[in-house]
$ cat upload33.tsv   # TSV, C-alpha atoms
chain	number	residue	atom	x	y	z
M	834	MET	CA	0.00	0.00	0.00
M	835	ARG	CA	2.77	2.43	0.87
M	836	ASN	CA	4.40	2.04	-2.54
M	837	THR	CA	1.22	3.36	-4.20
M	838	ILE	CA	1.46	6.75	-2.44
M	839	SER	CA	2.75	9.45	-4.77
M	840	VAL	CA	3.96	12.71	-3.25
M	841	PRO	CA	5.20	15.12	-5.94
M	842	GLU	CA	7.70	17.76	-4.85
M	843	ARG	CA	6.26	20.62	-6.95
M	844	ARG	CA	9.74	22.10	-7.26
M	845	TYR	CA	8.86	24.84	-9.74
M	846	ARG	CA	5.79	26.04	-7.88
M	847	ARG	CA	7.51	25.97	-4.53
M	848	THR	CA	10.55	27.81	-5.81
M	849	VAL	CA	8.25	30.56	-7.06
M	850	ALA	CA	6.36	30.59	-3.75
M	851	TRP	CA	9.65	30.67	-1.80
M	852	TYR	CA	10.92	33.76	-3.64
M	853	ILE	CA	7.57	35.54	-3.34
M	854	GLY	CA	7.44	34.75	0.37
M	855	LYS	CA	11.01	35.94	0.98
M	856	ALA	CA	10.32	39.18	-0.90
M	857	LEU	CA	7.18	39.87	1.16
M	858	LEU	CA	8.97	39.13	4.43
M	859	TRP	CA	11.87	41.39	3.44
M	860	ALA	CA	9.54	44.24	2.45
M	861	LEU	CA	6.93	44.01	5.20
M	862	THR	CA	8.69	42.63	8.31
M	863	ARG	CA	11.88	42.76	10.34
M	864	GLU	CA	12.67	39.05	10.12
M	865	THR	CA	15.69	37.39	11.71
M	866	VAL	CA	16.57	33.69	11.52
M	867	TYR	CA	18.87	32.16	14.14
M	868	GLY	CA	20.51	28.73	14.01
M	869	ARG	CA	20.01	28.02	10.32
M	870	GLU	CA	23.18	25.91	10.48
M	871	ASN	CA	21.25	23.38	12.61
M	872	PHE	CA	19.32	22.19	9.57
M	873	PRO	CA	20.88	18.89	8.40
M	874	GLU	CA	22.47	19.10	4.96
M	875	THR	CA	20.17	16.39	3.64
M	876	GLY	CA	16.95	14.69	4.60
M	877	PRO	CA	15.15	12.85	5.86
M	878	PHE	CA	14.14	14.89	8.88
M	879	ILE	CA	11.07	16.50	10.42
M	880	VAL	CA	10.76	20.21	11.17
M	881	ALA	CA	8.42	20.90	14.12
M	882	GLY	CA	7.36	24.34	15.32
M	883	ASN	CA	5.00	26.16	17.67
M	884	HIS	CA	1.69	27.29	16.22
M	885	ARG	CA	-0.21	30.49	17.03
M	886	GLY	CA	-1.08	31.72	13.54
M	887	ILE	CA	-0.76	31.02	9.83
M	888	MET	CA	2.41	33.12	9.75
M	889	GLU	CA	4.52	30.24	11.13
M	890	VAL	CA	3.91	28.23	7.97
M	891	PHE	CA	5.45	30.98	5.83
M	892	LEU	CA	8.36	31.38	8.24
M	893	MET	CA	9.04	27.63	8.35
M	894	VAL	CA	9.07	27.32	4.57
M	895	SER	CA	11.19	30.44	4.03
M	896	ALA	CA	13.77	29.59	6.70
M	897	SER	CA	14.52	26.11	5.41
M	898	PRO	CA	17.10	25.51	2.68
M	899	HIS	CA	15.11	22.39	1.78
M	900	ASN	CA	11.76	21.83	0.09
M	901	ILE	CA	9.36	21.19	3.00
M	902	GLU	CA	6.21	19.06	2.70
M	903	VAL	CA	3.88	20.59	5.29
M	904	LEU	CA	1.07	18.80	7.12
M	905	GLY	CA	-1.92	21.16	7.37
M	906	ALA	CA	-5.54	21.21	8.47
M	907	GLY	CA	-7.68	18.74	6.53
M	908	ASP	CA	-10.75	18.46	8.75
M	909	ILE	CA	-12.18	21.85	7.69
M	910	PRO	CA	-11.58	24.02	4.60
M	911	LEU	CA	-8.70	26.45	4.95
M	912	ASP	CA	-9.29	30.14	5.59
M	913	ARG	CA	-10.22	31.84	2.33
M	914	ARG	CA	-7.37	34.36	2.80
M	915	TYR	CA	-4.69	31.66	2.58
M	916	ARG	CA	-6.41	28.90	0.61
M	917	TYR	CA	-5.06	29.88	-2.81
M	918	PHE	CA	-1.45	30.05	-1.61
M	919	ALA	CA	-1.82	26.69	0.17
M	920	ASP	CA	-3.30	25.07	-2.94
M	921	PHE	CA	-0.53	26.53	-5.09
M	922	TYR	CA	2.23	25.35	-2.78
M	923	GLY	CA	0.57	22.05	-1.90
M	924	TYR	CA	0.36	20.32	1.48
M	925	ILE	CA	-0.69	17.07	3.12
M	926	PRO	CA	-4.20	17.51	4.61
M	927	TYR	CA	-4.46	16.06	8.12
M	928	LYS	CA	-7.80	15.31	9.78
M	929	ARG	CA	-7.28	16.72	13.24
M	930	GLY	CA	-8.89	15.08	16.24
M	931	GLN	CA	-7.73	11.60	15.25
M	932	MET	CA	-4.60	9.72	14.24
M	933	ASP	CA	-5.00	10.32	10.52
M	934	ARG	CA	-2.95	7.35	9.35
M	935	LYS	CA	-3.44	8.13	5.67
M	936	ALA	CA	-1.84	11.55	6.12
M	937	LEU	CA	0.89	10.18	8.37
M	938	MET	CA	1.72	7.40	5.92
M	939	THR	CA	1.92	9.96	3.12
M	940	ALA	CA	4.34	12.00	5.25
M	941	GLU	CA	6.30	8.84	6.02
M	942	LYS	CA	6.61	8.21	2.27
M	943	VAL	CA	8.08	11.71	1.89
M	944	LEU	CA	10.70	10.87	4.51
M	945	GLU	CA	11.44	7.54	2.81
M	946	GLN	CA	12.29	9.58	-0.28
M	947	GLY	CA	14.95	11.42	1.75
M	948	ARG	CA	12.91	14.61	1.96
M	949	VAL	CA	11.67	16.94	4.71
M	950	VAL	CA	8.29	17.13	6.47
M	951	GLY	CA	7.00	20.16	8.39
M	952	ILE	CA	4.55	19.71	11.25
M	953	PHE	CA	3.02	21.69	14.13
M	954	PRO	CA	2.63	19.35	17.13
M	955	GLU	CA	0.17	21.63	18.94
M	956	GLY	CA	-2.38	21.35	16.13
M	957	GLY	CA	-4.50	24.48	15.77
M	958	ILE	CA	-4.45	28.16	16.71
M	959	TRP	CA	-7.51	28.45	18.96
M	960	LYS	CA	-5.36	29.21	22.01
M	961	ALA	CA	-2.35	31.52	22.11
M	962	ALA	CA	-0.57	29.94	25.08
M	963	ARG	CA	1.22	26.59	24.87
M	964	LYS	CA	-1.06	23.65	24.14
M	965	SER	CA	-0.48	19.93	24.61
M	966	ALA	CA	1.48	18.06	21.97
M	967	HIS	CA	-0.35	15.61	19.75
M	968	ARG	CA	1.23	12.25	19.01
M	969	GLY	CA	1.45	12.62	15.22
M	970	VAL	CA	4.97	14.05	15.25
M	971	ALA	CA	6.20	11.20	17.49
M	972	TRP	CA	4.42	8.55	15.39
M	973	LEU	CA	6.12	9.90	12.30
M	974	SER	CA	9.52	9.99	13.98
M	975	PHE	CA	9.15	6.43	15.33
M	976	ALA	CA	7.86	5.07	12.01
M	977	SER	CA	10.58	6.65	9.88
M	978	GLY	CA	13.46	6.91	12.33
M	979	ALA	CA	13.91	10.54	11.25
M	980	PRO	CA	15.24	13.15	13.70
M	981	VAL	CA	13.15	16.21	14.56
M	982	VAL	CA	14.45	19.76	14.14
M	983	PRO	CA	12.66	22.03	16.66
M	984	VAL	CA	11.83	25.57	15.57
M	985	GLY	CA	10.54	28.41	17.74
M	986	PHE	CA	8.68	31.31	16.13
M	987	ALA	CA	8.28	34.70	17.84
M	988	GLY	CA	6.37	37.86	17.01
M	989	ILE	CA	3.38	36.09	15.45
M	990	HIS	CA	0.74	37.92	17.49
M	991	GLU	CA	-1.14	40.25	15.09
M	992	ALA	CA	1.75	39.94	12.61
M	993	MET	CA	-0.47	39.57	9.53
M	994	TRP	CA	-2.53	42.63	10.47
M	995	ARG	CA	0.61	44.65	11.17
M	996	MET	CA	2.09	43.62	7.84
M	997	ALA	CA	-1.10	44.69	6.08
M	998	THR	CA	-0.91	48.09	7.78
M	999	LEU	CA	2.83	48.49	6.98
M	1000	GLN	CA	3.98	48.39	10.62
M	1001	ASN	CA	6.92	46.04	9.87
M	1002	PRO	CA	6.50	43.61	12.77
M	1003	LYS	CA	9.55	42.06	14.37
M	1004	LEU	CA	9.67	38.32	13.60
M	1005	GLU	CA	12.21	35.80	14.84
M	1006	THR	CA	12.80	32.17	13.88
M	1007	TRP	CA	14.98	30.11	16.21
M	1008	ILE	CA	16.20	26.75	14.88
M	1009	GLY	CA	17.42	24.19	17.40
M	1010	LYS	CA	19.64	21.16	17.11
M	1011	PRO	CA	18.04	17.96	15.76
M	1012	ILE	CA	16.39	15.70	18.34
M	1013	PRO	CA	17.31	12.06	17.65
M	1014	LEU	CA	14.80	9.25	17.98
M	1015	PRO	CA	14.87	8.02	21.60
M	1016	GLU	CA	15.70	4.44	22.43
M	1017	ARG	CA	12.68	2.21	22.87
M	1018	ASP	CA	11.77	1.35	26.45
M	1019	PRO	CA	10.33	-2.20	26.54
M	1020	ALA	CA	8.74	-1.43	29.92
M	1021	LEU	CA	6.53	1.33	28.47
M	1022	PRO	CA	3.62	0.92	26.05
M	1023	ARG	CA	4.29	2.35	22.58
M	1024	LYS	CA	1.51	4.93	22.99
M	1025	LYS	CA	3.10	6.25	26.21
M	1026	GLN	CA	6.53	6.45	24.56
M	1027	MET	CA	5.07	8.48	21.71
M	1028	GLU	CA	3.37	10.85	24.17
M	1029	LEU	CA	6.64	11.39	26.03
M	1030	HIS	CA	8.57	11.96	22.80
M	1031	ALA	CA	5.96	14.45	21.54
M	1032	GLU	CA	6.07	16.44	24.80
M	1033	ASN	CA	9.88	16.37	24.74
M	1034	ILE	CA	9.81	17.84	21.22
M	1035	LEU	CA	7.41	20.54	22.39
M	1036	ASP	CA	9.68	21.29	25.38
M	1037	HIS	CA	12.59	21.86	22.97
M	1038	ILE	CA	10.43	24.15	20.83
M	1039	ASP	CA	9.24	26.10	23.87
M	1040	ALA	CA	12.83	26.57	25.07
M	1041	LEU	CA	13.67	28.29	21.77
M	1042	ILE	CA	10.94	30.93	22.03
M	1043	PRO	CA	12.38	34.17	23.50
M	1044	ASP	CA	10.95	35.56	26.73
M	1045	TRP	CA	9.75	38.78	25.08
M	1046	ASP	CA	7.33	36.75	22.97
M	1047	LYS	CA	6.15	34.51	25.82
M	1048	GLU	CA	5.19	37.60	27.81
M	1049	VAL	CA	2.61	38.45	25.14
M	1050	HIS	CA	0.87	35.11	25.68
M	1051	VAL	CA	0.79	34.91	29.48
M	1052	GLU	CA	-2.40	33.31	30.79
M	1053	PRO	CA	-4.61	35.23	33.26
M	1054	GLU	CA	-4.21	34.31	36.91
M	1055	TRP	CA	-7.97	34.71	37.51
M	1056	GLU	CA	-10.96	34.27	35.19
M	1057	GLU	CA	-14.73	34.46	35.49
M	1058	TYR	CA	-17.47	33.79	32.95
M	1059	ASP	CA	-21.04	35.04	33.04
M	1060	LEU	CA	-23.80	34.67	30.44
M	1061	HIS	CA	-26.81	36.96	30.15
M	1062	VAL	CA	-29.52	35.97	27.69
M	1063	TRP	CA	-32.20	38.63	27.22
M	1064	VAL	CA	-35.59	38.11	25.61
M	1065	THR	CA	-37.79	40.88	24.22
M	1066	GLU	CA	-41.41	39.87	23.86
M	1067	PRO	CA	-43.50	41.20	20.96
M	1068	HIS	CA	-45.84	44.18	21.25
M	1069	GLY	CA	-43.27	46.44	22.92
M	1070	GLN	CA	-42.98	44.60	26.22
M	1071	PRO	CA	-39.76	45.23	28.23
M	1072	GLU	CA	-36.67	43.05	27.86
M	1073	ASN	CA	-36.47	40.22	30.39
M	1074	ARG	CA	-33.71	37.87	31.51
M	1075	ALA	CA	-34.16	34.39	30.03
M	1076	PRO	CA	-33.98	31.24	32.17
M	1077	ASP	CA	-30.47	30.17	33.12
M	1078	ILE	CA	-28.49	28.11	30.63
M	1079	VAL	CA	-26.68	25.01	31.89
M	1080	HIS	CA	-22.88	25.28	31.99
M	1081	PRO	CA	-22.92	28.99	31.03
M	1082	GLU	CA	-19.19	29.36	31.71
M	1083	VAL	CA	-18.36	26.81	29.00
M	1084	LEU	CA	-20.63	28.53	26.50
M	1085	VAL	CA	-19.01	31.90	27.22
M	1086	ARG	CA	-15.56	30.39	26.76
M	1087	PHE	CA	-16.70	29.07	23.38
M	1088	PHE	CA	-18.03	32.49	22.36
M	1089	HIS	CA	-14.77	34.14	23.43
M	1090	ILE	CA	-12.63	31.94	21.15
M	1091	PRO	CA	-13.43	33.72	17.89
M	1092	VAL	CA	-11.31	31.39	15.77
M	1093	MET	CA	-13.83	28.57	16.40
M	1094	MET	CA	-16.91	30.61	15.46
M	1095	ASP	CA	-15.00	32.09	12.52
M	1096	ALA	CA	-14.22	28.56	11.29
M	1097	LEU	CA	-17.93	27.80	11.22
M	1098	TYR	CA	-18.89	31.11	9.64
M	1099	PHE	CA	-16.09	31.61	7.12
M	1100	ASN	CA	-14.30	28.29	6.48
M	1101	LEU	CA	-17.41	26.12	6.60
M	1102	LYS	CA	-19.75	28.84	5.27
M	1103	ARG	CA	-22.40	28.24	7.93
M	1104	ARG	CA	-23.62	31.85	7.62
M	1105	SER	CA	-26.68	31.23	9.76
M	1106	VAL	CA	-24.47	31.00	12.89
M	1107	LYS	CA	-24.07	34.80	12.78
M	1108	PRO	CA	-26.31	35.41	15.85
M	1109	LEU	CA	-23.81	33.38	17.90
M	1110	ARG	CA	-20.77	35.41	16.83
M	1111	SER	CA	-22.20	38.95	16.73
M	1112	PHE	CA	-22.87	39.78	20.34
M	1113	LEU	CA	-24.91	42.54	22.00
M	1114	LYS	CA	-27.13	42.73	18.90
M	1115	VAL	CA	-30.79	41.75	18.94
M	1116	TYR	CA	-31.87	38.88	16.68
M	1117	SER	CA	-35.12	37.04	16.27
M	1118	ALA	CA	-35.30	34.04	18.59
M	1119	ALA	CA	-35.96	31.94	15.48
M	1120	ALA	CA	-32.58	33.02	14.05
M	1121	VAL	CA	-30.81	32.15	17.32
M	1122	HIS	CA	-32.54	28.76	17.37
M	1123	ARG	CA	-31.47	28.08	13.78
M	1124	ALA	CA	-27.87	29.10	14.58
M	1125	VAL	CA	-27.65	26.69	17.53
M	1126	CYS	CA	-29.18	23.87	15.46
M	1127	VAL	CA	-26.54	24.42	12.75
M	1128	VAL	CA	-23.67	24.20	15.28
M	1129	LEU	CA	-25.12	21.11	16.95
M	1130	GLY	CA	-25.77	19.45	13.60
M	1131	TYR	CA	-22.20	20.00	12.48
M	1132	VAL	CA	-20.51	18.77	15.66
M	1133	ARG	CA	-22.84	15.77	15.99
M	1134	ARG	CA	-23.19	14.49	12.44
M	1135	THR	CA	-20.39	15.95	10.34
M	1136	ASN	CA	-17.34	16.52	12.53
M	1137	PRO	CA	-17.62	15.27	16.15
M	1138	ALA	CA	-13.91	16.02	16.70
M	1139	PHE	CA	-14.44	19.75	16.06
M	1140	LEU	CA	-15.09	20.36	19.77
M	1141	THR	CA	-13.31	17.44	21.44
M	1142	TYR	CA	-10.03	18.13	19.62
M	1143	ARG	CA	-9.97	21.76	20.72
M	1144	LEU	CA	-11.61	21.59	24.15
M	1145	GLY	CA	-11.22	18.03	25.41
M	1146	ASP	CA	-13.93	15.43	25.89
M	1147	ASP	CA	-15.36	16.73	29.19
M	1148	THR	CA	-15.58	20.38	28.15
M	1149	ALA	CA	-16.97	19.44	24.74
M	1150	ALA	CA	-19.74	17.39	26.38
M	1151	LYS	CA	-20.65	20.30	28.67
M	1152	LEU	CA	-20.65	22.69	25.73
M	1153	GLU	CA	-23.03	20.44	23.82
M	1154	ASP	CA	-25.38	20.40	26.84
M	1155	ALA	CA	-25.15	24.20	27.06
M	1156	LEU	CA	-26.02	24.56	23.36
M	1157	ILE	CA	-29.01	22.24	23.80
M	1158	SER	CA	-30.17	24.36	26.74
M	1159	LEU	CA	-29.81	27.55	24.69
M	1160	ARG	CA	-31.69	25.91	21.83
M	1161	GLU	CA	-34.63	25.11	24.12
M	1162	VAL	CA	-34.78	28.70	25.39
M	1163	ALA	CA	-34.64	30.01	21.83
M	1164	ALA	CA	-37.34	27.59	20.66
M	1165	GLU	CA	-39.76	28.73	23.38
M	1166	ALA	CA	-39.05	32.39	22.63
M	1167	ALA	CA	-39.42	31.83	18.89
M	1168	ALA	CA	-42.85	30.29	19.39
M	1169	ARG	CA	-43.97	33.61	20.89
M	1170	GLY	CA	-42.34	35.67	18.13
M	1171	ALA	CA	-39.81	37.12	20.58
M	1172	ARG	CA	-36.30	38.45	19.97
M	1173	MET	CA	-33.07	37.60	21.81
M	1174	ARG	CA	-29.78	39.18	22.79
M	1175	ASN	CA	-26.78	37.22	24.10
M	1176	VAL	CA	-24.25	38.94	26.35
M	1177	PRO	CA	-21.25	36.64	27.09
M	1178	ILE	CA	-19.20	38.36	29.80
M	1179	TYR	CA	-15.58	37.37	30.34
M	1180	ARG	CA	-13.63	38.87	33.24
M	1181	TYR	CA	-9.95	38.28	33.88
M	1182	ARG	CA	-6.93	39.61	35.76
M	1183	MET	CA	-3.39	39.23	34.50
M	1184	PRO	CA	-0.47	38.24	36.78
M	1185	GLY	CA	0.97	41.21	38.66
M	1186	GLU	CA	-2.02	43.45	37.86
M	1187	SER	CA	-4.84	44.58	40.13
M	1188	GLU	CA	-7.24	45.68	37.41
M	1189	VAL	CA	-10.02	43.29	36.39
M	1190	VAL	CA	-10.79	43.53	32.69
M	1191	GLU	CA	-14.35	42.86	31.52
M	1192	LEU	CA	-15.04	41.88	27.93
M	1193	ARG	CA	-18.41	41.46	26.27
M	1194	SER	CA	-16.99	40.81	22.82
M	1195	PRO	CA	-13.98	38.60	21.97
M	1196	ARG	CA	-12.74	41.03	19.33
M	1197	SER	CA	-11.11	43.26	21.95
M	1198	ALA	CA	-9.70	40.44	24.09
M	1199	ARG	CA	-6.02	40.77	24.94
M	1200	ARG	CA	-5.36	37.06	25.15
M	1201	PHE	CA	-6.59	36.06	21.70

$ encode --input "upload33.tsv" --output "structure tokens"
Amino acid sequence: MRNTISVPERRYRRTVAWYIGKALLWALTRETVYGRENFPETGPFIVAGNHRGIMEVFLMVSASPHNIEVLGAGDIPLDRRYRYFADFYGYIPYKRGQMDRKALMTAEKVLEQGRVVGIFPEGGIWKAARKSAHRGVAWLSFASGAPVVPVGFAGIHEAMWRMATLQNPKLETWIGKPIPLPERDPALPRKKQMELHAENILDHIDALIPDWDKEVHVEPEWEEYDLHVWVTEPHGQPENRAPDIVHPEVLVRFFHIPVMMDALYFNLKRRSVKPLRSFLKVYSAAAVHRAVCVVLGYVRRTNPAFLTYRLGDDTAAKLEDALISLREVAAEAAARGARMRNVPIYRYRMPGESEVVELRSPRSARRF
């Protein structure tokens, strides 16, 4: 089966993309690459980096002297802003939320050809701070025997927006020494060994990231979530507080991770979810009900891993219960012809600060 996998290098296209990318980085950023000599002269090897935004993909490709075959998101369509470049360059789509063996075997075939694979062990970009490592990078290293070159990227926060507004953001790429495949421990199950290897790779990546960048992504030392759902009855009656929603704190957390709602609205083109991503505005209860039904339908029937992969099994189960509760409230209000307004309140305090910040819209959140 493995011999039937064809992975073209796309040399011409990728050379063109490399020069375009380098020109844009030179013109629009202050980019510095450290440790380029740590790249092996020849493959096979795996390049693994931290992941907070799409910018790391461009930096990984531009920093390497080798043609990199990148593993990218394959469970949802790519963001429309980057889709054309990704299709032009080419990548291996990976279905996140599972061990996508088809994608991993394709990447293994690339390594068997003496080439280079790029991967982001943390997965997605729904959280700015360090996330847990997924086992894919370790599986690939164990299966191929290839070493892993850790890469730390800094300055990613708002980099694309600052480039678009000609602010020349400071970007740094730190390349570490290759991490060899560890010796097998017969006393440990293979799955546990892969988990330890993946976390060790992520530790090496984290050690490369400079402190000035980590300070941007510090987690709050205190957080509080509060959900207000208001219902306006027809015929000019005053606005009233709706019945409490179960697990409101989980629902507010979901609303305050805009990348997840944006994936539904933009990438998946579920436009009817708009009432769940445009807060403080008044919508018909029927529109809110339809929005919740669309989210539940997608995560139940089409892509169950959409929530569990990003939030974990327990939180995902609570979020589903919260959405069901909100759906019931919306259905009752819709039957009366009422309108609804959701106010997800997120309060937090950063380490060393006394001020409590209150956000009612994720667009102004400091941590995202």

$ closest_residue --input "upload33.tsv" --among "M:Ala881, M:Val840, M:Ala997, M:Leu937" --to "Ala860 (chain M)" --atoms "all atoms listed in the file"
M:Ala997

$ residues_around --input "upload33.tsv" --residues "Arg1172 (chain M)" --least-positions-apart "3" --cutoff "6 Å" --atoms "only C-alpha atoms" --output "ChimeraX atom specification"
/M:1064-1065,1116-1118

$ closest_residue --input "upload33.tsv" --among "M:Leu999, M:Val1092, M:Ala1164, M:Ile909" --to "Leu858 (chain M)" --atoms "all atoms listed in the file"
M:Leu999

$ closest_residue --input "upload33.tsv" --among "M:Met1094, M:Phe891, M:Pro1002, M:Leu1113" --to "Ala856 (chain M)" --atoms "all atoms listed in the file"
M:Phe891

$ atom_distance --input "upload33.tsv" --atom1 "CA of Ala1150 (chain M)" --atom2 "CA of His967 (chain M)"
20.6 Å

$ closest_atom_pairs --input "upload33.tsv" --of "region 1063-1097 of chain M" --to "region 910-931 of chain M" --cutoff "10 Å" --atoms "only C-alpha atoms" --output "CSV"
residue,atom,partner,partner_atom,distance
M:Asp1095,CA,M:Asp912,CA,9.2
M:Ala1096,CA,M:Asp912,CA,7.7
M:Leu1097,CA,M:Pro910,CA,9.9

$ atom_distance --input "upload33.tsv" --atom1 "CA of Thr998 (chain M)" --atom2 "CA of Lys855 (chain M)"
18.3 Å

$ residues_around --input "upload33.tsv" --residues "Pro841 (chain M)" --least-positions-apart "2" --cutoff "12 Å" --atoms "only C-alpha atoms" --output "list in words"
Ile838, Ser839, Arg843, Arg844, Tyr845, Arg846, Arg847, Asn900, Ile901, Glu902, Tyr922, Gly923, Tyr924, Ile925, Thr939, Ala940, Lys942, Val943, Gln946 and Arg948 of chain M

$ atom_distance --input "upload33.tsv" --atom1 "CA of Leu1004 (chain M)" --atom2 "CA of Leu1035 (chain M)"
20.0 Å

$ closest_residue --input "upload33.tsv" --among "M:Pro1177, M:Glu1191, M:Leu1014, M:Glu1056" --to "Ser1111 (chain M)" --atoms "all atoms listed in the file"
M:Pro1177

$ residues_around --input "upload33.tsv" --residues "Val1106 (chain M)" --least-positions-apart "4" --cutoff "7 Å" --atoms "all atoms listed in the file" --output "ChimeraX atom specification"
/M:1098,1110,1124,1127

$ closest_residue --input "upload33.tsv" --among "M:Met993, M:Leu1021, M:Glu889, M:Ala1075" --to "Leu861 (chain M)" --atoms "all atoms listed in the file"
M:Met993

$ residues_near_point --input "upload33.tsv" --point "(-14.3, 43.6, 37.3)" --cutoff "8 Å" --atoms "only C-alpha atoms" --output "ChimeraX atom specification"
/M:1180-1181,1188-1191

$ residues_around --input "upload33.tsv" --residues "Val970 (chain M)" --least-positions-apart "2" --cutoff "8 Å" --atoms "all atoms listed in the file" --output "count of residues only"
10

$ decode --input "upload33.tsv" --residues "region 843-863 of chain M" --atoms "N, CA and C atoms" --output "PDB file, in the first residue's frame"
ATOM      1  N   ARG M 843       6.685  19.306  -6.464  1.00  0.00           N
ATOM      2  CA  ARG M 843       6.255  20.622  -6.951  1.00  0.00           C
ATOM      3  C   ARG M 843       7.411  21.633  -6.902  1.00  0.00           C
ATOM      4  N   ARG M 844       8.541  21.261  -7.402  1.00  0.00           N
ATOM      5  CA  ARG M 844       9.741  22.097  -7.264  1.00  0.00           C
ATOM      6  C   ARG M 844       9.556  23.490  -7.864  1.00  0.00           C
ATOM      7  N   TYR M 845       8.996  23.543  -9.092  1.00  0.00           N
ATOM      8  CA  TYR M 845       8.861  24.844  -9.739  1.00  0.00           C
ATOM      9  C   TYR M 845       7.920  25.752  -8.952  1.00  0.00           C
ATOM     10  N   ARG M 846       6.751  25.227  -8.635  1.00  0.00           N
ATOM     11  CA  ARG M 846       5.785  26.038  -7.881  1.00  0.00           C
ATOM     12  C   ARG M 846       6.360  26.507  -6.551  1.00  0.00           C
ATOM     13  N   ARG M 847       7.015  25.615  -5.855  1.00  0.00           N
ATOM     14  CA  ARG M 847       7.506  25.968  -4.527  1.00  0.00           C
ATOM     15  C   ARG M 847       8.699  26.908  -4.585  1.00  0.00           C
ATOM     16  N   THR M 848       9.473  26.830  -5.641  1.00  0.00           N
ATOM     17  CA  THR M 848      10.553  27.813  -5.812  1.00  0.00           C
ATOM     18  C   THR M 848       9.966  29.202  -6.017  1.00  0.00           C
ATOM     19  N   VAL M 849       8.932  29.285  -6.843  1.00  0.00           N
ATOM     20  CA  VAL M 849       8.255  30.565  -7.061  1.00  0.00           C
ATOM     21  C   VAL M 849       7.669  31.075  -5.746  1.00  0.00           C
ATOM     22  N   ALA M 850       6.973  30.195  -5.019  1.00  0.00           N
ATOM     23  CA  ALA M 850       6.362  30.588  -3.746  1.00  0.00           C
ATOM     24  C   ALA M 850       7.425  31.024  -2.743  1.00  0.00           C
ATOM     25  N   TRP M 851       8.568  30.338  -2.737  1.00  0.00           N
ATOM     26  CA  TRP M 851       9.651  30.671  -1.795  1.00  0.00           C
ATOM     27  C   TRP M 851      10.162  32.084  -2.059  1.00  0.00           C
ATOM     28  N   TYR M 852      10.407  32.424  -3.313  1.00  0.00           N
ATOM     29  CA  TYR M 852      10.922  33.762  -3.638  1.00  0.00           C
ATOM     30  C   TYR M 852       9.881  34.847  -3.353  1.00  0.00           C
ATOM     31  N   ILE M 853       8.619  34.555  -3.639  1.00  0.00           N
ATOM     32  CA  ILE M 853       7.574  35.538  -3.336  1.00  0.00           C
ATOM     33  C   ILE M 853       7.483  35.753  -1.829  1.00  0.00           C
ATOM     34  N   GLY M 854       7.505  34.641  -1.085  1.00  0.00           N
ATOM     35  CA  GLY M 854       7.440  34.750   0.372  1.00  0.00           C
ATOM     36  C   GLY M 854       8.607  35.514   0.956  1.00  0.00           C
ATOM     37  N   LYS M 855       9.825  35.228   0.482  1.00  0.00           N
ATOM     38  CA  LYS M 855      11.006  35.935   0.983  1.00  0.00           C
ATOM     39  C   LYS M 855      10.925  37.426   0.674  1.00  0.00           C
ATOM     40  N   ALA M 856      10.435  37.774  -0.524  1.00  0.00           N
ATOM     41  CA  ALA M 856      10.323  39.179  -0.899  1.00  0.00           C
ATOM     42  C   ALA M 856       9.328  39.902  -0.004  1.00  0.00           C
ATOM     43  N   LEU M 857       8.192  39.253   0.294  1.00  0.00           N
ATOM     44  CA  LEU M 857       7.184  39.870   1.162  1.00  0.00           C
ATOM     45  C   LEU M 857       7.708  40.034   2.581  1.00  0.00           C
ATOM     46  N   LEU M 858       8.407  39.026   3.087  1.00  0.00           N
ATOM     47  CA  LEU M 858       8.973  39.125   4.432  1.00  0.00           C
ATOM     48  C   LEU M 858      10.018  40.231   4.504  1.00  0.00           C
ATOM     49  N   TRP M 859      10.840  40.343   3.464  1.00  0.00           N
ATOM     50  CA  TRP M 859      11.867  41.390   3.442  1.00  0.00           C
ATOM     51  C   TRP M 859      11.234  42.774   3.392  1.00  0.00           C
ATOM     52  N   ALA M 860      10.157  42.932   2.631  1.00  0.00           N
ATOM     53  CA  ALA M 860       9.544  44.243   2.445  1.00  0.00           C
ATOM     54  C   ALA M 860       8.633  44.646   3.602  1.00  0.00           C
ATOM     55  N   LEU M 861       7.991  43.672   4.257  1.00  0.00           N
ATOM     56  CA  LEU M 861       6.926  44.006   5.202  1.00  0.00           C
ATOM     57  C   LEU M 861       7.234  43.662   6.648  1.00  0.00           C
ATOM     58  N   THR M 862       8.377  43.015   6.931  1.00  0.00           N
ATOM     59  CA  THR M 862       8.691  42.631   8.310  1.00  0.00           C
ATOM     60  C   THR M 862      10.155  42.906   8.619  1.00  0.00           C
ATOM     61  N   ARG M 863      10.485  42.772   9.892  1.00  0.00           N
ATOM     62  CA  ARG M 863      11.878  42.761  10.338  1.00  0.00           C
ATOM     63  C   ARG M 863      12.172  41.338  10.804  1.00  0.00           C
TER      64      ARG M 863
END
